[in-house]
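upload24.txt, holding compact mmCIF, C-alpha atoms:
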```txt
# COMPACT_ATOMS: atom_id res chain seq x y z
CA MET A 1 0.71 -105.51 24.11
CA THR A 2 4.40 -104.57 24.14
CA SER A 3 5.10 -106.24 20.82
CA THR A 4 2.08 -104.51 19.26
CA LEU A 5 3.29 -101.16 20.55
CA ASP A 6 6.80 -101.85 19.25
CA ARG A 7 5.40 -102.67 15.83
CA ARG A 8 3.37 -99.45 15.82
CA VAL A 9 6.44 -97.37 16.83
CA ALA A 10 8.58 -99.07 14.15
CA THR A 11 5.90 -98.46 11.55
CA SER A 12 5.63 -94.82 12.63
CA ILE A 13 9.41 -94.38 12.41
CA ARG A 14 9.53 -95.94 8.94
CA SER A 15 6.64 -93.73 7.88
CA ALA A 16 8.38 -90.62 9.22
CA GLN A 17 11.62 -91.64 7.56
CA GLY A 18 9.83 -92.25 4.29
CA SER A 19 8.14 -88.87 4.58
CA ALA A 20 11.48 -87.18 5.28
CA TYR A 21 13.11 -88.91 2.35
CA ALA A 22 10.18 -87.93 0.15
CA GLN A 23 10.49 -84.31 1.28
CA GLN A 24 14.20 -84.33 0.55
CA ALA A 25 13.56 -85.81 -2.88
CA ARG A 26 10.94 -83.15 -3.59
CA ARG A 27 13.38 -80.44 -2.49
CA ARG A 28 16.07 -81.86 -4.76
CA ARG A 29 13.65 -81.97 -7.69
CA ALA A 30 12.53 -78.42 -6.99
CA ALA A 31 16.15 -77.29 -6.77
CA ARG A 32 16.86 -78.82 -10.16
CA VAL A 33 13.84 -77.08 -11.64
CA THR A 34 14.55 -73.67 -10.11
CA ALA A 35 18.35 -73.71 -10.35
CA PRO A 36 19.44 -70.72 -12.45
CA TYR A 37 20.32 -71.44 -16.04
CA ALA A 38 24.04 -71.49 -16.90
CA GLY A 39 25.46 -71.88 -20.38
CA VAL A 40 27.54 -70.36 -23.13
CA ALA A 41 26.60 -67.10 -24.82
CA SER A 42 25.58 -67.34 -28.48
CA LEU A 43 27.23 -64.00 -29.50
CA GLN A 44 25.19 -63.40 -32.63
CA LEU A 45 22.54 -61.06 -33.92
CA SER A 46 19.42 -63.19 -33.72
CA THR A 47 16.90 -63.42 -36.56
CA LYS A 48 14.00 -64.45 -34.31
CA ALA A 49 10.99 -62.16 -34.64
CA ALA A 50 10.94 -60.95 -31.04
CA ALA A 51 14.69 -60.32 -31.14
CA LEU A 52 14.39 -58.32 -34.37
CA VAL A 53 11.64 -56.13 -32.94
CA LEU A 54 13.53 -55.61 -29.67
CA ARG A 55 16.70 -54.69 -31.57
CA THR A 56 14.77 -52.19 -33.67
CA ALA A 57 13.37 -50.64 -30.50
CA ARG A 58 16.88 -50.44 -29.06
CA VAL A 59 18.59 -49.06 -32.15
CA SER A 60 15.87 -46.93 -33.75
CA GLY A 61 13.31 -46.28 -31.01
CA PRO A 62 10.97 -44.60 -30.53
CA VAL A 63 9.70 -46.34 -33.66
CA PHE A 64 6.28 -46.92 -35.21
CA ARG A 65 5.13 -50.44 -35.97
CA ASP A 66 5.04 -49.99 -39.72
CA ASP A 67 8.58 -48.60 -39.63
CA ALA A 68 9.64 -51.59 -37.51
CA ALA A 69 8.12 -53.91 -40.10
CA ALA A 70 10.08 -52.17 -42.85
CA ALA A 71 13.32 -52.30 -40.86
CA THR A 72 13.02 -55.97 -39.89
CA GLY A 73 11.39 -57.40 -43.04
CA LEU A 74 8.61 -58.87 -40.89
CA SER A 75 4.94 -58.53 -41.75
CA ILE A 76 2.97 -55.91 -39.88
CA SER A 77 0.86 -58.61 -38.23
CA THR A 78 4.00 -60.35 -36.95
CA VAL A 79 5.36 -57.05 -35.64
CA ASN A 80 2.04 -56.36 -33.90
CA ARG A 81 2.16 -59.75 -32.15
CA GLN A 82 5.75 -59.31 -31.04
CA VAL A 83 5.16 -55.74 -29.85
CA SER A 84 2.18 -56.91 -27.79
CA ALA A 85 4.21 -59.72 -26.22
CA LEU A 86 7.21 -57.47 -25.50
CA LEU A 87 4.94 -54.82 -24.00
CA LYS A 88 3.33 -57.41 -21.74
CA ALA A 89 6.80 -58.58 -20.66
CA GLY A 90 7.80 -54.98 -19.99
CA LEU A 91 10.88 -55.08 -22.21
CA ILE A 92 9.55 -52.24 -24.37
CA ARG A 93 7.26 -49.34 -23.57
CA GLU A 94 4.92 -47.16 -25.60
CA ARG A 95 5.44 -43.44 -26.03
CA ALA A 96 1.92 -42.06 -26.26
CA ASP A 97 3.36 -38.57 -25.86
CA LEU A 98 4.97 -38.92 -29.30
CA THR A 99 1.80 -40.00 -31.12
CA PRO A 100 1.24 -37.78 -34.18
CA PRO A 101 -1.70 -35.38 -33.85
CA GLY A 102 -4.91 -36.84 -35.21
CA ALA A 103 -3.55 -40.40 -35.29
CA VAL A 104 -6.04 -43.12 -34.38
CA GLY A 105 -5.23 -46.54 -32.93
CA ARG A 106 -2.22 -48.08 -31.20
CA PRO A 107 -0.26 -48.77 -34.41
CA ARG A 108 0.45 -45.03 -34.47
CA VAL A 109 1.85 -45.07 -30.93
CA PRO A 110 5.64 -45.46 -31.15
CA PHE A 111 7.51 -47.83 -28.87
CA GLU A 112 11.05 -47.96 -27.50
CA ILE A 113 13.15 -50.23 -25.34
CA ASN A 114 12.51 -50.00 -21.60
CA THR A 115 15.71 -48.72 -20.04
CA GLY A 116 14.21 -47.86 -16.68
CA ASP A 117 13.06 -51.07 -15.03
CA PHE A 118 15.59 -53.81 -15.79
CA LEU A 119 19.28 -54.46 -15.28
CA THR A 120 21.73 -57.19 -16.16
CA VAL A 121 24.93 -57.95 -14.27
CA GLY A 122 28.22 -58.30 -16.13
CA ILE A 123 31.48 -59.75 -14.85
CA HIS A 124 34.84 -59.68 -16.61
CA ILE A 125 37.29 -61.97 -14.83
CA GLY A 126 40.82 -60.84 -15.62
CA TYR A 127 44.20 -62.22 -14.65
CA ARG A 128 44.67 -59.52 -12.00
CA THR A 129 41.48 -57.45 -11.97
CA THR A 130 37.80 -58.35 -12.17
CA ALA A 131 35.29 -55.79 -13.45
CA ILE A 132 31.68 -55.95 -12.20
CA THR A 133 29.07 -53.91 -14.03
CA THR A 134 25.35 -53.35 -14.28
CA HIS A 135 23.74 -52.61 -17.66
CA ASP A 136 20.39 -51.40 -18.86
CA LEU A 137 18.70 -52.98 -21.88
CA GLN A 138 20.44 -50.45 -24.13
CA HIS A 139 23.81 -52.05 -23.18
CA ARG A 140 24.80 -48.86 -21.36
CA VAL A 141 26.90 -49.21 -18.22
CA VAL A 142 24.77 -48.09 -15.27
CA GLY A 143 27.35 -48.84 -12.60
CA ALA A 144 30.84 -50.34 -12.46
CA VAL A 145 33.43 -51.38 -9.91
CA ASN A 146 36.80 -53.09 -10.22
CA ILE A 147 38.04 -55.57 -7.63
CA ALA A 148 41.24 -57.56 -7.39
CA THR A 149 40.65 -61.04 -8.74
CA PRO A 150 40.43 -63.07 -5.50
CA GLN A 151 43.40 -65.25 -4.57
CA ALA A 152 41.41 -68.07 -3.00
CA ALA A 153 42.52 -71.64 -2.40
CA THR A 154 40.59 -73.16 -5.30
CA PRO A 155 39.12 -71.87 -8.59
CA ASP A 156 35.62 -72.72 -7.32
CA GLU A 157 36.17 -70.45 -4.31
CA VAL A 158 37.46 -67.66 -6.55
CA VAL A 159 34.42 -67.84 -8.83
CA THR A 160 31.95 -68.10 -5.94
CA ALA A 161 33.50 -65.09 -4.21
CA ILE A 162 33.25 -63.06 -7.40
CA GLY A 163 29.59 -64.07 -7.77
CA TYR A 164 28.75 -62.90 -4.25
CA SER A 165 30.61 -59.62 -4.82
CA ALA A 166 28.57 -59.09 -7.99
CA ARG A 167 25.34 -59.78 -6.13
CA ARG A 168 26.18 -57.29 -3.38
CA PHE A 169 27.02 -54.69 -6.00
CA ALA A 170 23.84 -55.30 -8.02
CA ASP A 171 21.67 -55.08 -4.90
CA ARG A 172 22.46 -51.38 -4.71
CA TRP A 173 19.89 -50.76 -7.44
CA VAL A 174 16.74 -51.03 -5.38
CA GLY A 175 13.55 -51.27 -7.40
CA LYS A 176 15.25 -52.64 -10.51
CA ARG A 177 14.56 -56.16 -11.75
CA LEU A 178 17.75 -58.11 -12.35
CA LEU A 179 17.30 -60.27 -15.43
CA TRP A 180 20.53 -62.05 -16.24
CA GLY A 181 24.21 -62.34 -15.49
CA GLY A 182 27.09 -62.59 -17.91
CA VAL A 183 30.72 -63.60 -17.47
CA ALA A 184 33.50 -62.77 -19.92
CA ILE A 185 36.72 -64.64 -19.24
CA GLY A 186 39.82 -65.85 -21.06
CA GLY A 187 40.24 -69.46 -22.06
CA LYS A 188 37.86 -72.02 -23.52
CA VAL A 189 34.16 -72.06 -22.58
CA ASP A 190 31.99 -75.12 -23.27
CA GLU A 191 28.23 -75.18 -23.83
CA LYS A 192 27.52 -75.48 -20.08
CA GLY A 193 29.68 -72.52 -19.10
CA VAL A 194 32.58 -74.68 -17.92
CA VAL A 195 35.94 -72.97 -18.39
CA ASP A 196 39.50 -74.11 -19.08
CA HIS A 197 41.84 -71.16 -18.46
CA PRO A 198 45.53 -72.16 -18.73
CA ARG A 199 46.80 -68.71 -17.73
CA LEU A 200 44.93 -68.96 -14.43
CA GLY A 201 45.65 -72.66 -14.10
CA TRP A 202 41.95 -73.55 -14.30
CA SER A 203 40.60 -76.75 -15.82
CA GLY A 204 36.94 -77.75 -15.91
CA VAL A 205 35.80 -74.93 -13.62
CA ARG A 206 31.99 -74.59 -13.50
CA VAL A 207 32.07 -70.82 -13.88
CA GLY A 208 28.51 -70.44 -15.18
CA GLU A 209 26.93 -72.68 -12.55
CA LEU A 210 28.89 -71.22 -9.63
CA VAL A 211 28.19 -67.61 -10.59
CA ALA A 212 24.52 -68.42 -11.22
CA GLU A 213 24.20 -69.95 -7.74
CA SER A 214 25.89 -67.08 -5.91
CA LEU A 215 24.38 -64.34 -8.07
CA GLY A 216 20.92 -65.90 -8.02
CA LEU A 217 20.41 -65.27 -11.74
CA PRO A 218 20.70 -67.23 -14.97
CA VAL A 219 24.18 -66.71 -16.40
CA SER A 220 25.79 -66.79 -19.84
CA VAL A 221 29.55 -67.26 -20.15
CA ALA A 222 31.73 -66.18 -23.08
CA SER A 223 35.37 -66.07 -24.02
CA HIS A 224 36.32 -62.48 -23.30
CA VAL A 225 37.75 -61.50 -26.71
CA ALA A 226 34.71 -63.00 -28.46
CA ALA A 227 32.47 -61.02 -26.08
CA MET A 228 34.39 -57.85 -26.97
CA ALA A 229 33.73 -58.52 -30.64
CA ALA A 230 30.05 -59.12 -29.82
CA ALA A 231 29.95 -55.76 -28.04
CA GLU A 232 30.98 -54.13 -31.31
CA LEU A 233 28.02 -55.83 -33.02
CA VAL A 234 25.70 -54.57 -30.29
CA VAL A 235 26.93 -51.01 -30.76
CA ASN A 236 26.48 -51.07 -34.54
CA PRO A 237 24.31 -53.95 -35.79
CA ALA A 238 24.05 -52.25 -39.19
CA GLU A 239 27.47 -53.71 -40.05
CA THR A 240 26.24 -57.31 -40.05
CA SER A 241 26.88 -57.61 -43.78
CA GLN A 242 30.59 -57.10 -43.15
CA ASN A 243 33.11 -59.32 -41.44
CA PHE A 244 35.74 -58.05 -39.08
CA LEU A 245 38.75 -59.21 -37.11
CA TYR A 246 38.88 -58.12 -33.48
CA PHE A 247 42.41 -57.96 -32.03
CA TYR A 248 42.78 -57.50 -28.25
CA ALA A 249 45.91 -56.79 -26.24
CA ARG A 250 46.46 -55.97 -22.60
CA GLU A 251 47.70 -58.58 -20.11
CA MET A 252 46.64 -61.20 -22.64
CA ALA A 253 46.49 -61.07 -26.42
CA GLY A 254 43.73 -62.65 -28.46
CA ILE A 255 41.58 -62.44 -31.57
CA ALA A 256 37.99 -63.07 -32.59
CA PHE A 257 36.38 -63.11 -36.02
CA SER A 258 32.84 -62.02 -36.86
CA VAL A 259 30.99 -63.03 -40.05
CA ASP A 260 27.46 -61.95 -40.98
CA GLY A 261 26.54 -60.83 -37.49
CA THR A 262 27.93 -63.89 -35.69
CA VAL A 263 31.13 -64.09 -33.69
CA HIS A 264 32.84 -67.34 -34.64
CA THR A 265 33.44 -69.53 -31.59
CA PRO A 266 35.50 -72.61 -32.51
CA ALA A 267 34.63 -75.82 -30.69
CA ALA A 268 38.27 -76.18 -29.70
CA GLY A 269 38.23 -72.79 -28.01
CA PRO A 270 39.36 -69.31 -29.05
CA PRO A 271 42.49 -68.93 -31.17
CA THR A 272 45.71 -68.82 -29.15
CA ILE A 273 48.22 -66.20 -30.29
CA GLY A 274 50.24 -65.52 -27.14
CA HIS A 275 53.05 -67.74 -28.43
CA PHE A 276 53.34 -66.00 -31.82
CA PRO A 277 56.86 -64.82 -32.67
CA THR A 278 57.55 -61.14 -32.14
CA GLY A 279 60.49 -60.73 -34.45
CA GLU A 280 63.54 -58.86 -33.24
CA THR A 281 63.10 -56.65 -30.16
CA THR A 282 65.46 -54.22 -28.45
CA LEU A 283 63.84 -53.11 -25.19
CA LEU A 284 60.94 -55.53 -24.95
CA ASP A 285 61.26 -59.17 -23.95
CA PRO A 286 64.48 -58.95 -21.91
CA ASP A 287 64.29 -62.71 -21.30
CA LYS A 288 64.40 -63.25 -25.09
CA THR A 289 61.42 -65.59 -25.22
CA GLY A 290 60.54 -64.32 -28.69
CA GLN A 291 56.85 -64.72 -27.87
CA LEU A 292 54.12 -62.13 -28.28
CA GLU A 293 52.41 -62.23 -24.89
CA ALA A 294 55.66 -62.33 -22.93
CA ALA A 295 56.77 -59.23 -24.80
CA VAL A 296 53.68 -57.00 -25.12
CA SER A 297 51.55 -57.94 -22.09
CA ASP A 298 51.30 -55.41 -19.26
CA SER A 299 53.51 -57.55 -17.03
CA GLY A 300 55.95 -58.09 -19.90
CA VAL A 301 56.22 -54.35 -20.49
CA LEU A 302 56.90 -53.77 -16.79
CA ARG A 303 59.62 -56.43 -16.89
CA ALA A 304 61.19 -54.58 -19.78
CA ALA A 305 61.02 -51.32 -17.83
CA ALA A 306 62.70 -52.92 -14.82
CA ALA A 307 65.42 -54.45 -17.02
CA ALA A 308 66.05 -51.01 -18.51
CA GLY A 309 66.54 -49.55 -15.03
CA LEU A 310 63.34 -47.49 -14.91
CA ASN A 311 61.88 -46.81 -11.47
CA VAL A 312 58.23 -47.50 -12.29
CA GLU A 313 55.74 -49.79 -10.60
CA THR A 314 52.70 -49.55 -12.86
CA LEU A 315 51.88 -48.99 -16.51
CA GLU A 316 50.50 -45.59 -15.57
CA ASP A 317 53.91 -44.69 -14.08
CA LEU A 318 55.57 -45.78 -17.33
CA ARG A 319 53.17 -43.79 -19.48
CA ASN A 320 53.63 -40.70 -17.32
CA ALA A 321 57.39 -41.05 -17.62
CA ALA A 322 57.10 -41.31 -21.40
CA ARG A 323 54.88 -38.24 -21.55
CA THR A 324 57.29 -36.18 -19.48
CA GLY A 325 60.28 -36.82 -21.73
CA ASP A 326 61.77 -40.17 -20.67
CA ASP A 327 63.07 -41.55 -23.96
CA VAL A 328 63.49 -45.10 -22.61
CA ALA A 329 59.89 -45.23 -21.33
CA HIS A 330 58.62 -43.95 -24.67
CA GLY A 331 60.87 -46.40 -26.48
CA ILE A 332 59.37 -49.36 -24.63
CA LEU A 333 55.82 -48.28 -25.42
CA ALA A 334 56.75 -47.47 -29.01
CA GLU A 335 58.31 -50.89 -29.50
CA ARG A 336 55.19 -52.49 -28.04
CA ALA A 337 53.13 -50.61 -30.64
CA GLU A 338 55.42 -51.75 -33.46
CA VAL A 339 55.30 -55.42 -32.43
CA LEU A 340 51.53 -55.26 -32.15
CA GLY A 341 51.26 -53.55 -35.54
CA ARG A 342 53.28 -56.28 -37.22
CA THR A 343 51.22 -59.02 -35.57
CA VAL A 344 47.91 -57.37 -36.49
CA ALA A 345 49.11 -57.13 -40.09
CA LEU A 346 49.97 -60.83 -40.29
CA MET A 347 46.66 -61.89 -38.72
CA SER A 348 44.78 -59.55 -41.06
CA ASP A 349 46.47 -61.02 -44.10
CA ILE A 350 45.39 -64.50 -42.99
CA PHE A 351 41.71 -63.62 -42.41
CA ASN A 352 41.43 -60.76 -44.94
CA PRO A 353 38.50 -59.09 -43.13
CA ASP A 354 36.53 -56.08 -44.33
CA HIS A 355 37.97 -54.20 -41.40
CA VAL A 356 40.07 -54.70 -38.27
CA ILE A 357 39.13 -53.50 -34.78
CA LEU A 358 41.83 -52.89 -32.19
CA GLY A 359 40.73 -53.29 -28.58
CA GLY A 360 42.40 -53.28 -25.21
CA GLN A 361 44.45 -50.85 -23.17
CA ALA A 362 47.66 -51.80 -24.99
CA PHE A 363 46.24 -49.73 -27.85
CA THR A 364 44.08 -47.15 -26.10
CA ASP A 365 45.99 -46.12 -22.96
CA TYR A 366 48.93 -44.64 -24.87
CA PRO A 367 47.36 -43.19 -28.03
CA GLU A 368 50.61 -41.39 -28.80
CA ALA A 369 51.90 -44.74 -30.13
CA LEU A 370 48.90 -45.51 -32.38
CA PRO A 371 50.61 -43.98 -35.44
CA LEU A 372 53.43 -46.49 -34.90
CA VAL A 373 50.89 -49.34 -34.87
CA SER A 374 49.52 -48.07 -38.17
CA LYS A 375 52.99 -47.60 -39.70
CA ALA A 376 54.13 -51.12 -38.72
CA LEU A 377 50.87 -52.61 -40.00
CA ARG A 378 51.18 -50.91 -43.39
CA ALA A 379 54.84 -51.89 -43.70
CA THR A 380 54.06 -55.56 -42.96
CA SER A 381 50.72 -56.24 -44.64
CA VAL A 382 50.34 -57.00 -48.34
CA VAL A 383 47.14 -54.91 -48.26
CA THR A 384 48.08 -51.24 -48.34
CA ASN A 385 44.64 -49.76 -47.62
CA ARG A 386 43.43 -52.00 -44.79
CA ASP A 387 40.53 -50.46 -42.82
CA VAL A 388 41.71 -50.46 -39.20
CA ARG A 389 39.73 -48.91 -36.35
CA VAL A 390 40.07 -48.55 -32.59
CA ALA A 391 37.21 -50.25 -30.68
CA ARG A 392 34.29 -47.97 -29.92
CA SER A 393 34.32 -49.10 -26.29
CA ALA A 394 37.97 -48.00 -25.92
CA ILE A 395 38.89 -47.90 -22.21
CA THR A 396 35.65 -49.60 -21.16
CA VAL A 397 36.25 -52.63 -23.37
CA GLN A 398 36.15 -55.14 -20.48
CA GLN A 399 32.92 -53.62 -19.18
CA LYS A 400 31.30 -53.72 -22.60
CA ALA A 401 32.34 -57.35 -23.05
CA ALA A 402 30.75 -58.27 -19.72
CA GLY A 403 27.62 -56.40 -20.77
CA ALA A 404 27.45 -58.22 -24.10
CA ALA A 405 27.59 -61.56 -22.27
CA SER A 406 24.92 -60.50 -19.75
CA LEU A 407 22.53 -59.27 -22.45
CA ASP A 408 23.20 -62.07 -24.93
CA ALA A 409 20.21 -64.25 -24.00
CA ILE A 410 17.84 -61.27 -23.79
CA TYR A 411 18.90 -60.02 -27.21
CA ALA A 412 18.86 -63.49 -28.78
CA ASP A 413 15.39 -64.61 -27.67
CA PRO A 414 13.87 -62.13 -25.22
CA LEU A 415 10.62 -63.91 -24.45
CA GLU A 416 12.29 -67.28 -23.98
CA ALA A 417 14.97 -65.69 -21.77
CA LEU A 418 12.34 -64.30 -19.43
CA THR A 419 11.09 -67.83 -18.70
CA HIS A 420 14.44 -68.47 -16.95
CA THR A 421 14.26 -65.39 -14.72
CA ALA A 422 12.69 -65.15 -11.29
```

Could you write out this structure as structure tokens?
Amino acid sequence: MTSTLDRRVATSIRSAQGSAYAQQARRRRAARVTAPYAGVASLQLSTKAAALVLRTARVSGPVFRDDAAAATGLSISTVNRQVSALLKAGLIRERADLTPPGAVGRPRVPFEINTGDFLTVGIHIGYRTTAITTHDLQHRVVGAVNIATPQAATPDEVVTAIGYSARRFADRWVGKRLLWGGVAIGGKVDEKGVVDHPRLGWSGVRVGELVAESLGLPVSVASHVAAMAAAELVVNPAETSQNFLYFYAREMAGIAFSVDGTVHTPAAGPPTIGHFPTGETTLLDPDKTGQLEAAVSDSGVLRAAAAAGLNVETLEDLRNAARTGDDVAHGILAERAEVLGRTVALMSDIFNPDHVILGGQAFTDYPEALPLVSKALRATSVVTNRDVRVARSAITVQQKAAGAASLDAIYADPLEALTHTA
């Protein structure tokens, strides 16, 4: 009797253990299925039918279906199918109030992008400051906050903390559906959103996966200068036939190149220009490194100010001093502009783009020095009539880059992207 009972108990225990293991296995499989997507942003103007129709709604809406067909080159039947699918998904909406008098049938009801119901969450992780933003489907910034980049023990803890901060911020928009997250960050990003960032001392950090887990959304990761260039494409997709060089400078300096509506993302990572020679400097680079980033970065400029005996703590202090007549403060900022102008000229001569876009606060926060950038560029370049522009996003360049990363999947393949969302 006892042995029979023992066998029954043992069998019951093994059965319970097997059931528990099976439940754990099912939970692990479910977790793998439902884990938010994390990967690299494509940073290109998609030619997929749904993407073309959505972009037309965003850029030209409210728009009629026949006009959308003309703008995209798609057949009217294809446009009708994509409009129906995008309406069902809620990404666009019809404007019956704008239907022409006497018009019959839905083809004469214009449609536009739905800016009221959805948001994406953008994150720009900087060396000192992290920007967190929310964006509507028009790429407009709905809300923004800057936080100090956390100084945690490990890179994983830093990224996770940023993800939770972004989630708390996004949760303020009650009643909005959060679709996607995007991270713009310096360094190299691989196809799974894993980042190597030498300036931060990061190697193999699972930025996309960690942010996706803490944010609870699928996430696309992009090199920040490439995302800034992509933001320019988002603002004006009509320029896809042209190529441009995007040059960024603030705490870091970097470039990106766009050809035919696609931001080039080398497999080896974004081009590194921080070590480029500056040429002779007087006030900048007191340590005489001769390197671009050490000379023109925000921290480099503040080192130059300290070496010159100026009592300033921030770049804003330095700019205010320059604007109120301090010749040394102005001289430092003017020399920064000249060094940047020479470097932009050399990079432009290498790539020979249709036009050059200057982005970052090194250019935009002290516009008084922009003529010096232009003068140095013209004096250095072999092309005397180079088309050079300041980025449309200007002081919000980091926010726009984060937004471009967060909207990348939606813009590239909207219906497919929605299959990854909750």

**Asked** Nearest to Phe276 in chain A: which of A:Arg342, A:Val83, A:Ala71, A:Met228 is it, counting only C-alpha atoms?
**Response** A:Arg342

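Neighbours of Val383 in chain A closer than or equal to 9 Å, with all atoms listed in the file counted and sequence neighbours fewer than 4 positions away skipped, come out as Ala345, Ser348, Asp349, Asn352 and Arg378 of chain A.
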
**Prompt:** Which of these, A:Leu245, A:Ser381, A:Ala41, A:Asp285, has the shortest distance to His355 in chain A once you count all atoms listed in the file?
**Reply:**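 Among the listed residues, the smallest separation from His355 in chain A belongs to A:Leu245.
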
Please, which residues are within 12 Å of (23.9, -48.1, -20.1) by the file's coordinates, counting only C-alpha atoms, and could they come as a PDB file with C-alpha atoms, in the coordinates of the input?
```
ATOM      1  CA  ARG A  58      16.880 -50.440 -29.060  1.00  0.00           C
ATOM      2  CA  ASN A 114      12.510 -50.000 -21.600  1.00  0.00           C
ATOM      3  CA  THR A 115      15.710 -48.720 -20.040  1.00  0.00           C
ATOM      4  CA  GLY A 116      14.210 -47.860 -16.680  1.00  0.00           C
ATOM      5  CA  PHE A 118      15.590 -53.810 -15.790  1.00  0.00           C
ATOM      6  CA  LEU A 119      19.280 -54.460 -15.280  1.00  0.00           C
ATOM      7  CA  THR A 120      21.730 -57.190 -16.160  1.00  0.00           C
ATOM      8  CA  VAL A 121      24.930 -57.950 -14.270  1.00  0.00           C
ATOM      9  CA  GLY A 122      28.220 -58.300 -16.130  1.00  0.00           C
ATOM     10  CA  THR A 133      29.070 -53.910 -14.030  1.00  0.00           C
ATOM     11  CA  THR A 134      25.350 -53.350 -14.280  1.00  0.00           C
ATOM     12  CA  HIS A 135      23.740 -52.610 -17.660  1.00  0.00           C
ATOM     13  CA  ASP A 136      20.390 -51.400 -18.860  1.00  0.00           C
ATOM     14  CA  LEU A 137      18.700 -52.980 -21.880  1.00  0.00           C
ATOM     15  CA  GLN A 138      20.440 -50.450 -24.130  1.00  0.00           C
ATOM     16  CA  HIS A 139      23.810 -52.050 -23.180  1.00  0.00           C
ATOM     17  CA  ARG A 140      24.800 -48.860 -21.360  1.00  0.00           C
ATOM     18  CA  VAL A 141      26.900 -49.210 -18.220  1.00  0.00           C
ATOM     19  CA  VAL A 142      24.770 -48.090 -15.270  1.00  0.00           C
ATOM     20  CA  GLY A 143      27.350 -48.840 -12.600  1.00  0.00           C
ATOM     21  CA  ALA A 144      30.840 -50.340 -12.460  1.00  0.00           C
ATOM     22  CA  VAL A 235      26.930 -51.010 -30.760  1.00  0.00           C
ATOM     23  CA  THR A 396      35.650 -49.600 -21.160  1.00  0.00           C
ATOM     24  CA  GLN A 399      32.920 -53.620 -19.180  1.00  0.00           C
ATOM     25  CA  LYS A 400      31.300 -53.720 -22.600  1.00  0.00           C
ATOM     26  CA  GLY A 403      27.620 -56.400 -20.770  1.00  0.00           C
ATOM     27  CA  ALA A 404      27.450 -58.220 -24.100  1.00  0.00           C
ATOM     28  CA  LEU A 407      22.530 -59.270 -22.450  1.00  0.00           C
TER      29      LEU A 407
END
```

**Asked** Out of A:Asp365, A:Asp196, A:Glu416, A:Glu338, which residue has the shortest atom-to-atom distance to Val397 in chain A when counting all atoms listed in the file?
**Response**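 Ranking A:Asp365, A:Asp196, A:Glu416, A:Glu338 by distance to Val397 in chain A, first place goes to A:Asp365.
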
**Test item: residues at most 10 Å from range 151-156 of chain A, only C-alpha atoms, excluding those fewer than 5 positions along its chain, as a PyMOL selection string** = chain A and resi 128+161-162+200-207+210-211

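If you measure from each of A:Arg250, A:His124, A:Lys176, A:Lys192 to Ala38 in chain A using only C-alpha atoms, the closest one turns out to be A:Lys192.
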
**Prompt:** Which distance in Å separates CA of Leu310 in chain A and CA of Gln291 in chain A, to one decimal?
**Reply:**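 Answer for the CA of Leu310 in chain A to CA of Gln291 in chain A separation: 22.5 Å.
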
**Message:** Tell me which residues come within 9 Å of (7.0, -63.4, -22.0), as a list of chain:residue names, counting only C-alpha atoms in the file's coordinates.
**Reply:** A:Ala85, A:Leu86, A:Lys88, A:Ala89, A:Gly90, A:Pro414, A:Leu415, A:Glu416, A:Ala417, A:Leu418, A:Thr419

Just want the 12 Å neighbourhood of Ala308 in chain A, counted on all atoms listed in the file, with same-chain residues fewer than 6 positions away dropped. Output as a PDB file with C-alpha atoms, in the coordinates of the input.
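Here's the written file selection-v5.pdb:
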```
ATOM      1  CA  THR A 282      65.460 -54.220 -28.450  1.00  0.00           C
ATOM      2  CA  LEU A 283      63.840 -53.110 -25.190  1.00  0.00           C
ATOM      3  CA  LEU A 284      60.940 -55.530 -24.950  1.00  0.00           C
ATOM      4  CA  ASP A 285      61.260 -59.170 -23.950  1.00  0.00           C
ATOM      5  CA  PRO A 286      64.480 -58.950 -21.910  1.00  0.00           C
ATOM      6  CA  VAL A 301      56.220 -54.350 -20.490  1.00  0.00           C
ATOM      7  CA  LEU A 302      56.900 -53.770 -16.790  1.00  0.00           C
ATOM      8  CA  LEU A 318      55.570 -45.780 -17.330  1.00  0.00           C
ATOM      9  CA  ASP A 326      61.770 -40.170 -20.670  1.00  0.00           C
ATOM     10  CA  ASP A 327      63.070 -41.550 -23.960  1.00  0.00           C
ATOM     11  CA  VAL A 328      63.490 -45.100 -22.610  1.00  0.00           C
ATOM     12  CA  ALA A 329      59.890 -45.230 -21.330  1.00  0.00           C
ATOM     13  CA  HIS A 330      58.620 -43.950 -24.670  1.00  0.00           C
ATOM     14  CA  GLY A 331      60.870 -46.400 -26.480  1.00  0.00           C
ATOM     15  CA  ILE A 332      59.370 -49.360 -24.630  1.00  0.00           C
TER      16      ILE A 332
END
```

**Item:** Spatial neighbours of Arg389 in chain A, max dist 7 Å, all atoms listed in the file, sep filter under 4 positions, as a VMD selection string
**Value:** chain A and resid 356 to 358

Those selected residues, please, written with C-alpha atoms and delivered as an mmCIF file, keeping the file's coordinate frame.
```
data_model
loop_
_atom_site.group_PDB
_atom_site.id
_atom_site.type_symbol
_atom_site.label_atom_id
_atom_site.label_comp_id
_atom_site.auth_asym_id
_atom_site.auth_seq_id
_atom_site.Cartn_x
_atom_site.Cartn_y
_atom_site.Cartn_z
ATOM 1 C CA VAL A 356 40.070 -54.700 -38.270
ATOM 2 C CA ILE A 357 39.130 -53.500 -34.780
ATOM 3 C CA LEU A 358 41.830 -52.890 -32.190
#
```
